[in-house]
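Data block for upload_31.tsv (TSV, C-alpha atoms):
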chain	number	residue	atom	x	y	z
A	421	MET	CA	-22.53	4.71	-21.79
A	422	THR	CA	-21.41	4.89	-18.19
A	423	GLU	CA	-22.50	8.03	-16.43
A	424	LEU	CA	-19.70	9.72	-14.54
A	425	PRO	CA	-20.29	10.61	-10.89
A	426	ALA	CA	-20.82	14.33	-10.22
A	427	LEU	CA	-17.81	16.34	-9.13
A	428	GLY	CA	-17.64	16.41	-5.35
A	429	THR	CA	-19.38	13.05	-4.94
A	430	THR	CA	-17.87	11.29	-1.92
A	431	TYR	CA	-17.99	7.57	-1.25
A	432	GLN	CA	-17.32	6.59	2.34
A	433	HIS	CA	-16.76	3.10	3.63
A	434	ARG	CA	-15.56	1.48	6.85
A	435	LEU	CA	-12.20	-0.11	5.97
A	436	VAL	CA	-11.63	-1.91	9.27
A	437	THR	CA	-13.15	-1.92	12.74
A	438	GLU	CA	-10.75	-2.24	15.67
A	439	LEU	CA	-7.74	-3.37	13.67
A	440	GLY	CA	-6.36	-6.58	15.19
A	441	ARG	CA	-2.73	-7.56	15.58
A	442	GLN	CA	-3.58	-10.67	13.53
A	443	ALA	CA	-4.29	-8.34	10.59
A	444	LEU	CA	-0.76	-6.91	10.92
A	445	VAL	CA	0.70	-10.42	10.99
A	446	GLN	CA	-1.43	-11.45	8.02
A	447	TYR	CA	-0.24	-8.43	6.01
A	448	ALA	CA	3.40	-9.10	6.98
A	449	GLY	CA	3.10	-12.68	5.75
A	450	ALA	CA	1.38	-11.83	2.48
A	451	SER	CA	3.60	-8.87	1.58
A	452	GLY	CA	6.88	-10.24	2.94
A	453	ASP	CA	7.46	-7.09	4.99
A	454	PHE	CA	8.58	-8.64	8.28
A	455	ASN	CA	9.80	-5.39	9.84
A	456	PRO	CA	9.49	-6.21	13.58
A	457	LEU	CA	8.04	-2.74	14.27
A	458	HIS	CA	4.78	-4.19	12.95
A	459	THR	CA	4.76	-7.66	14.50
A	460	ASP	CA	7.07	-7.88	17.51
A	461	GLU	CA	5.75	-6.13	20.63
A	462	GLN	CA	9.02	-6.49	22.54
A	463	TYR	CA	11.01	-5.08	19.66
A	464	ALA	CA	8.58	-2.19	19.07
A	465	THR	CA	8.57	-1.17	22.74
A	466	ALA	CA	11.90	-2.13	24.32
A	467	VAL	CA	14.23	-1.67	21.32
A	468	ALA	CA	12.51	0.94	19.16
A	469	GLY	CA	10.72	2.89	21.92
A	470	TYR	CA	7.15	2.89	20.58
A	471	PRO	CA	4.05	2.37	22.76
A	472	THR	CA	3.26	-0.81	20.80
A	473	VAL	CA	3.43	-2.26	17.28
A	474	PHE	CA	1.79	-0.28	14.48
A	475	ALA	CA	0.36	-1.08	11.05
A	476	HIS	CA	2.39	-1.10	7.84
A	477	GLY	CA	1.56	2.08	5.91
A	478	MET	CA	0.99	-0.19	2.94
A	479	LEU	CA	-1.71	-2.06	4.87
A	480	THR	CA	-3.67	1.21	5.06
A	481	MET	CA	-3.02	1.91	1.36
A	482	GLY	CA	-3.95	-1.69	0.57
A	483	LEU	CA	-7.29	-1.23	2.37
A	484	MET	CA	-7.88	1.89	0.23
A	485	GLY	CA	-6.98	-0.22	-2.84
A	486	THR	CA	-9.67	-2.71	-1.81
A	487	LEU	CA	-12.22	0.11	-1.54
A	488	LEU	CA	-11.24	1.40	-5.01
A	489	ALA	CA	-11.59	-2.12	-6.45
A	490	ARG	CA	-15.06	-2.40	-4.86
A	491	LEU	CA	-16.07	0.92	-6.41
A	492	PHE	CA	-14.44	0.79	-9.85
A	493	GLY	CA	-13.68	-2.91	-10.42
A	494	ASP	CA	-10.41	-4.81	-10.82
A	495	GLY	CA	-7.74	-3.40	-13.08
A	496	ALA	CA	-9.40	0.02	-13.46
A	497	LEU	CA	-6.72	2.22	-11.88
A	498	LEU	CA	-4.27	4.24	-13.98
A	499	THR	CA	-2.47	5.83	-11.02
A	500	PHE	CA	-2.69	5.44	-7.24
A	501	THR	CA	-0.68	7.47	-4.72
A	502	GLY	CA	-0.57	7.82	-0.95
A	503	ARG	CA	1.13	9.66	1.88
A	504	PHE	CA	1.23	8.19	5.36
A	505	ALA	CA	0.47	11.00	7.81
A	506	THR	CA	0.79	9.18	11.12
A	507	GLN	CA	0.80	5.69	12.58
A	508	VAL	CA	-2.21	3.37	12.72
A	509	TRP	CA	-2.31	1.39	15.98
A	510	PRO	CA	-3.98	-1.89	16.93
A	511	GLY	CA	-7.57	-1.17	17.95
A	512	ASP	CA	-7.95	1.73	15.50
A	513	SER	CA	-11.04	1.82	13.28
A	514	LEU	CA	-10.51	3.32	9.82
A	515	ASP	CA	-12.91	4.92	7.35
A	516	GLY	CA	-11.98	5.47	3.70
A	517	ARG	CA	-13.28	8.46	1.75
A	518	VAL	CA	-13.09	8.71	-2.04
A	519	THR	CA	-14.06	12.06	-3.58
A	520	VAL	CA	-14.47	12.65	-7.32
A	521	ILE	CA	-12.50	15.83	-8.16
A	522	GLY	CA	-12.36	15.60	-11.94
A	523	HIS	CA	-13.51	13.64	-14.95
A	524	GLU	CA	-12.86	13.42	-18.64
A	525	GLN	CA	-13.56	11.20	-21.63
A	526	GLY	CA	-10.44	9.15	-22.32
A	527	ALA	CA	-9.67	7.29	-25.55
A	528	ASP	CA	-11.07	4.06	-24.07
A	529	GLY	CA	-13.95	5.59	-22.08
A	530	PRO	CA	-14.62	7.81	-19.11
A	531	LEU	CA	-11.91	8.57	-16.54
A	532	ALA	CA	-12.24	10.04	-13.05
A	533	SER	CA	-9.70	11.80	-10.82
A	534	LEU	CA	-10.09	11.02	-7.15
A	535	GLU	CA	-8.96	12.46	-3.84
A	536	LEU	CA	-8.43	9.78	-1.18
A	537	LEU	CA	-8.51	10.03	2.59
A	538	VAL	CA	-8.34	7.55	5.46
A	539	VAL	CA	-9.39	8.79	8.90
A	540	ARG	CA	-9.39	6.94	12.18
A	541	GLN	CA	-12.02	6.96	14.92
A	542	ASP	CA	-10.75	10.16	16.57
A	543	GLY	CA	-10.95	12.08	13.28
A	544	THR	CA	-7.19	12.09	12.63
A	545	THR	CA	-6.20	11.73	8.97
A	546	VAL	CA	-3.75	8.82	8.68
A	547	TYR	CA	-3.47	8.69	4.88
A	548	THR	CA	-4.02	11.07	1.98
A	549	GLY	CA	-3.77	10.13	-1.66
A	550	THR	CA	-4.94	10.48	-5.24
A	551	ALA	CA	-5.98	8.16	-8.02
A	552	ARG	CA	-7.00	8.24	-11.68
A	553	THR	CA	-9.32	5.48	-12.76
A	554	ARG	CA	-11.37	4.19	-15.63
A	555	VAL	CA	-15.09	4.24	-14.89
A	556	SER	CA	-16.72	1.29	-16.60
A	557	CYS	CA	-19.22	0.03	-14.03
A	558	ALA	CA	-22.31	1.62	-12.51
A	559	LEU	CA	-21.34	3.43	-9.33
A	560	PRO	CA	-23.47	3.79	-6.22
A	561	SER	CA	-25.18	7.18	-6.23
A	562	THR	CA	-24.03	8.22	-2.76
A	563	THR	CA	-22.04	6.50	-0.06
A	564	ILE	CA	-21.67	2.74	0.00
A	565	ASP	CA	-22.34	0.50	2.99
A	566	GLY	CA	-20.65	1.00	6.32
A	567	GLY	CA	-20.19	4.75	5.99
A	568	THR	CA	-20.92	6.96	8.96
B	1190	MET	CA	24.00	-3.87	-15.27
B	1191	LYS	CA	20.90	-3.26	-13.12
B	1192	PRO	CA	19.94	-6.19	-10.86
B	1193	THR	CA	16.61	-7.71	-11.84
B	1194	THR	CA	14.33	-9.77	-9.61
B	1195	ARG	CA	12.01	-12.39	-11.07
B	1196	PHE	CA	8.51	-11.88	-9.66
B	1197	PRO	CA	6.04	-14.67	-10.44
B	1198	ILE	CA	2.39	-13.63	-9.91
B	1199	GLU	CA	0.80	-16.76	-8.45
B	1200	ALA	CA	-2.95	-17.24	-7.86
B	1201	GLY	CA	-2.50	-18.53	-4.29
B	1202	HIS	CA	-0.28	-15.59	-3.40
B	1203	VAL	CA	-2.77	-13.16	-4.93
B	1204	LEU	CA	-5.53	-14.71	-2.78
B	1205	LEU	CA	-3.40	-14.41	0.40
B	1206	PHE	CA	-2.60	-10.78	-0.42
B	1207	ALA	CA	-6.26	-10.00	-1.16
B	1208	ARG	CA	-7.16	-11.45	2.26
B	1209	ALA	CA	-4.44	-9.36	3.89
B	1210	VAL	CA	-5.95	-6.14	2.48
B	1211	LEU	CA	-9.36	-7.40	3.69
B	1212	ASP	CA	-10.79	-7.89	0.20
B	1213	ASP	CA	-13.58	-10.46	0.59
B	1214	ARG	CA	-15.10	-10.09	-2.87
B	1215	ALA	CA	-16.11	-13.18	-4.82
B	1216	ASP	CA	-13.35	-12.50	-7.40
B	1217	TYR	CA	-10.94	-14.22	-5.04
B	1218	TYR	CA	-13.07	-16.78	-3.18
B	1219	GLY	CA	-15.50	-19.59	-3.68
B	1220	PRO	CA	-16.95	-21.25	-6.76
B	1221	THR	CA	-17.12	-18.05	-8.84
B	1222	ALA	CA	-13.52	-16.97	-8.14
B	1223	ALA	CA	-11.38	-16.14	-11.16
B	1224	LEU	CA	-8.79	-18.84	-11.87
B	1225	LEU	CA	-6.24	-16.19	-12.78
B	1226	PRO	CA	-7.37	-13.11	-10.83
B	1227	VAL	CA	-6.12	-9.57	-11.41
B	1228	ALA	CA	-3.59	-8.74	-8.71
B	1229	PRO	CA	-4.75	-6.13	-6.15
B	1230	PRO	CA	-3.38	-2.64	-6.91
B	1231	THR	CA	-0.69	-2.76	-4.20
B	1232	PHE	CA	0.32	-6.39	-4.85
B	1233	THR	CA	3.75	-5.45	-6.24
B	1234	GLN	CA	4.78	-4.72	-2.63
B	1235	ALA	CA	5.05	-8.51	-2.26
B	1236	LEU	CA	8.17	-8.36	-4.42
B	1237	MET	CA	9.95	-8.43	-1.04
B	1238	HIS	CA	9.32	-12.19	-0.89
B	1239	PHE	CA	11.45	-12.66	-3.99
B	1240	GLN	CA	14.35	-10.34	-3.13
B	1241	SER	CA	17.14	-12.62	-1.95
B	1242	ASP	CA	18.86	-9.90	0.08
B	1243	PHE	CA	15.76	-8.50	1.84
B	1244	GLU	CA	17.06	-7.81	5.34
B	1245	MET	CA	13.78	-8.02	7.28
B	1246	ARG	CA	13.06	-11.66	6.48
B	1247	PRO	CA	13.51	-14.13	9.39
B	1248	ARG	CA	16.47	-16.41	8.77
B	1249	ALA	CA	18.00	-19.41	10.48
B	1250	GLY	CA	20.46	-18.39	13.18
B	1251	GLN	CA	19.21	-14.81	13.51
B	1252	LEU	CA	17.25	-13.85	16.63
B	1253	ALA	CA	15.22	-10.90	15.39
B	1254	PRO	CA	15.42	-9.65	11.84
B	1255	GLY	CA	16.07	-6.05	11.15
B	1256	ILE	CA	17.52	-4.84	14.44
B	1257	ASP	CA	20.83	-3.98	12.81
B	1258	ALA	CA	19.01	-2.44	9.87
B	1259	ILE	CA	16.82	-0.21	12.01
B	1260	GLY	CA	18.89	0.44	15.11
B	1261	SER	CA	17.61	2.44	18.05
B	1262	ARG	CA	18.80	5.92	17.07
B	1263	GLY	CA	15.99	6.52	14.62
B	1264	THR	CA	13.51	4.77	12.43
B	1265	VAL	CA	12.98	4.26	8.72
B	1266	PHE	CA	9.35	4.80	7.68
B	1267	HIS	CA	7.52	4.39	4.44
B	1268	ALA	CA	6.41	8.00	3.89
B	1269	GLU	CA	4.83	7.93	0.46
B	1270	GLN	CA	3.99	5.53	-2.36
B	1271	ARG	CA	3.04	6.07	-6.01
B	1272	PHE	CA	1.91	3.51	-8.57
B	1273	HIS	CA	1.60	4.09	-12.30
B	1274	TYR	CA	-0.28	1.28	-14.03
B	1275	HIS	CA	0.48	0.77	-17.72
B	1276	ARG	CA	-1.76	-2.27	-17.32
B	1277	HIS	CA	-2.60	-4.51	-14.36
B	1278	ALA	CA	-0.80	-7.74	-13.55
B	1279	ARG	CA	-2.71	-11.03	-13.51
B	1280	ALA	CA	-1.96	-14.36	-11.83
B	1281	GLY	CA	-0.12	-16.71	-14.16
B	1282	GLU	CA	2.41	-14.23	-15.51
B	1283	THR	CA	5.96	-13.54	-14.40
B	1284	LEU	CA	7.25	-10.00	-14.13
B	1285	SER	CA	10.83	-8.75	-13.86
B	1286	ALA	CA	11.50	-5.99	-11.35
B	1287	THR	CA	14.36	-3.52	-11.53
B	1288	SER	CA	14.88	-0.96	-8.76
B	1289	LEU	CA	16.88	2.24	-9.03
B	1290	PRO	CA	17.49	4.99	-6.48
B	1291	GLY	CA	15.59	8.21	-7.18
B	1292	ARG	CA	15.81	11.63	-5.53
B	1293	THR	CA	17.06	12.26	-1.97
B	1294	TRP	CA	16.27	15.33	0.15
B	1295	ILE	CA	16.42	16.49	3.80
B	1296	LYS	CA	13.71	18.37	5.72
B	1297	PRO	CA	13.74	19.63	9.30
B	1298	GLY	CA	11.08	17.64	11.18
B	1299	ARG	CA	8.81	18.87	13.96
B	1300	ARG	CA	8.99	15.78	16.12
B	1301	GLY	CA	11.98	13.64	15.21
B	1302	GLY	CA	14.91	15.94	14.24
B	1303	ASN	CA	16.02	16.06	10.61
B	1304	LEU	CA	14.13	13.87	8.16
B	1305	THR	CA	16.02	12.29	5.26
B	1306	PHE	CA	13.75	11.30	2.36
B	1307	SER	CA	14.85	8.94	-0.40
B	1308	GLU	CA	13.03	7.51	-3.40
B	1309	VAL	CA	13.32	4.05	-4.94
B	1310	VAL	CA	11.77	3.59	-8.38
B	1311	THR	CA	10.92	0.01	-9.34
B	1312	GLU	CA	9.89	-0.94	-12.88
B	1313	PHE	CA	7.89	-4.14	-13.38
B	1314	ARG	CA	8.08	-5.51	-16.93
B	1315	ASP	CA	6.37	-8.49	-18.54
B	1316	GLU	CA	7.95	-11.33	-20.46
B	1317	ALA	CA	7.88	-9.25	-23.65
B	1318	GLY	CA	9.84	-6.50	-21.87
B	1319	ASP	CA	6.88	-4.09	-21.83
B	1320	LEU	CA	6.40	-1.89	-18.79
B	1321	VAL	CA	3.46	-3.05	-16.61
B	1322	ILE	CA	3.72	-1.05	-13.37
B	1323	THR	CA	6.08	1.68	-12.15
B	1324	SER	CA	6.24	1.83	-8.36
B	1325	THR	CA	7.90	4.76	-6.55
B	1326	SER	CA	8.50	4.34	-2.86
B	1327	VAL	CA	9.58	7.25	-0.63
B	1328	ARG	CA	11.27	6.33	2.61
B	1329	VAL	CA	12.04	8.73	5.43
B	1330	GLU	CA	14.67	8.22	8.09
B	1331	THR	CA	14.17	10.04	11.38
B	1332	GLU	CA	16.92	10.97	13.81
B	1333	ARG	CA	14.77	10.04	16.82
B	1334	VAL	CA	11.78	7.86	17.56
B	1335	VAL	CA	8.55	9.65	16.67
B	1336	SER	CA	5.07	8.94	17.88
B	1337	ASP	CA	1.87	10.87	18.11
B	1338	ASP	CA	0.82	9.21	21.40

Taking this structure as input, can you express it in the form of structure tokens?
Amino acid sequence: MTELPALGTTYQHRLVTELGRQALVQYAGASGDFNPLHTDEQYATAVAGYPTVFAHGMLTMGLMGTLLARLFGDGALLTFTGRFATQVWPGDSLDGRVTVIGHEQGADGPLASLELLVVRQDGTTVYTGTARTRVSCALPSTTIDGGT
Amino acid sequence: MKPTTRFPIEAGHVLLFARAVLDDRADYYGPTAALLPVAPPTFTQALMHFQSDFEMRPRAGQLAPGIDAIGSRGTVFHAEQRFHYHRHARAGETLSATSLPGRTWIKPGRRGGNLTFSEVVTEFRDEAGDLVITSTSVRVETERVVSDD
């Protein structure tokens, strides 16, 4: 039987180092979200009045989704939520933190409730969220690679 | 009748999306990759590719998409997102997506004047009509440009 991680266990992982504009373009192409705020420097600055382009909020949430898939496996999530606190700019480095805040035995096996956080290099929180997930694989005992 | 968008989950598209969310696990790449991988948890966002009226898509004869939609008086942001997974989608199946407006509310903002929030709830169903994923998107419209820099 899978052992559930202790309450308060936090997994931390580097999601991206110095986010490149190519990553914004790649996300725009894959998702279909071609909002020029994310890909067109002239539009973002001259028309919309921002210092430069910024990342799709869903790119940040997608990076958190990748971390959750690394931790819990594909198809394990029951719910996944996020709030976008402020913009993520090109050059930002992001760390994801996943904290276990609850667990229970579900009908099909153990479940964990998670608190999610993404912080950038200056310590600013850019994303907060929650998830409920099945726990069917062995989890690392502390942080996984790339954490600081 | 509610408009429904056909949303095929294709293996190549799943791979491109996995790359875009910087997922380099072997599930998606190389000789051990799954032929019909499970779609990443936020993959349903790519529904935009299949919405015929999506206003941000570049089109012939249009200089820059979205300028009319966004304007310069304020900005529409994605403020919040919630997914409820009844099960997870897998490449090779085709889902039907139906979107309905949810709640709307107004909050005074600290940086950008009044903030108008509005929800869109999208249900993704499989070929049997069973619910697969419910996606709730909360958008916020600001009265002015906001930035933390």

Residues of chain B within 6 Å of chain A, all atoms listed in the file counted, as JSON, numbers by chain: {"B": [1205, 1206, 1209, 1210, 1212, 1230, 1231, 1235, 1237, 1238, 1245, 1246, 1261, 1268, 1269, 1270, 1271, 1272, 1273, 1274, 1277]}

Residues near Leu439 in chain A, cut-off 10 Å, all atoms listed in the file, skip fewer than 5 positions along chain, as an MDAnalysis selection string: chainID A and resid 444 475 508:514

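The shell of residues at most 9 Å from Glu1199 in chain B, with only C-alpha atoms counted and near chain neighbours (fewer than 5 positions) removed, consists of B:Leu1204, B:Leu1225, B:Arg1279, B:Ala1280, B:Gly1281, B:Glu1282, B:Thr1283.
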
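Closest to Phe1313 in chain B among B:Leu1289, B:Arg1328, B:Ile1295, B:Pro1226 is B:Leu1289, based on all atoms listed in the file.
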
For CA of Arg517 in chain A and CA of Arg540 in chain A, quote the distance in Å rounded to one decimal. 11.2 Å

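Across A:Thr519, A:Gln525, A:Thr545, A:Ser556, the tightest approach to Leu427 in chain A is made by A:Thr519 when counting all atoms listed in the file.
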
Close residues, range 1191-1197 of chain B itself excluded, 12 Å, all atoms listed in the file, min 2 positions apart in chain, as a ChimeraX atom specification: /B:1199-1203,1228,1232-1243,1278-1290,1311-1316
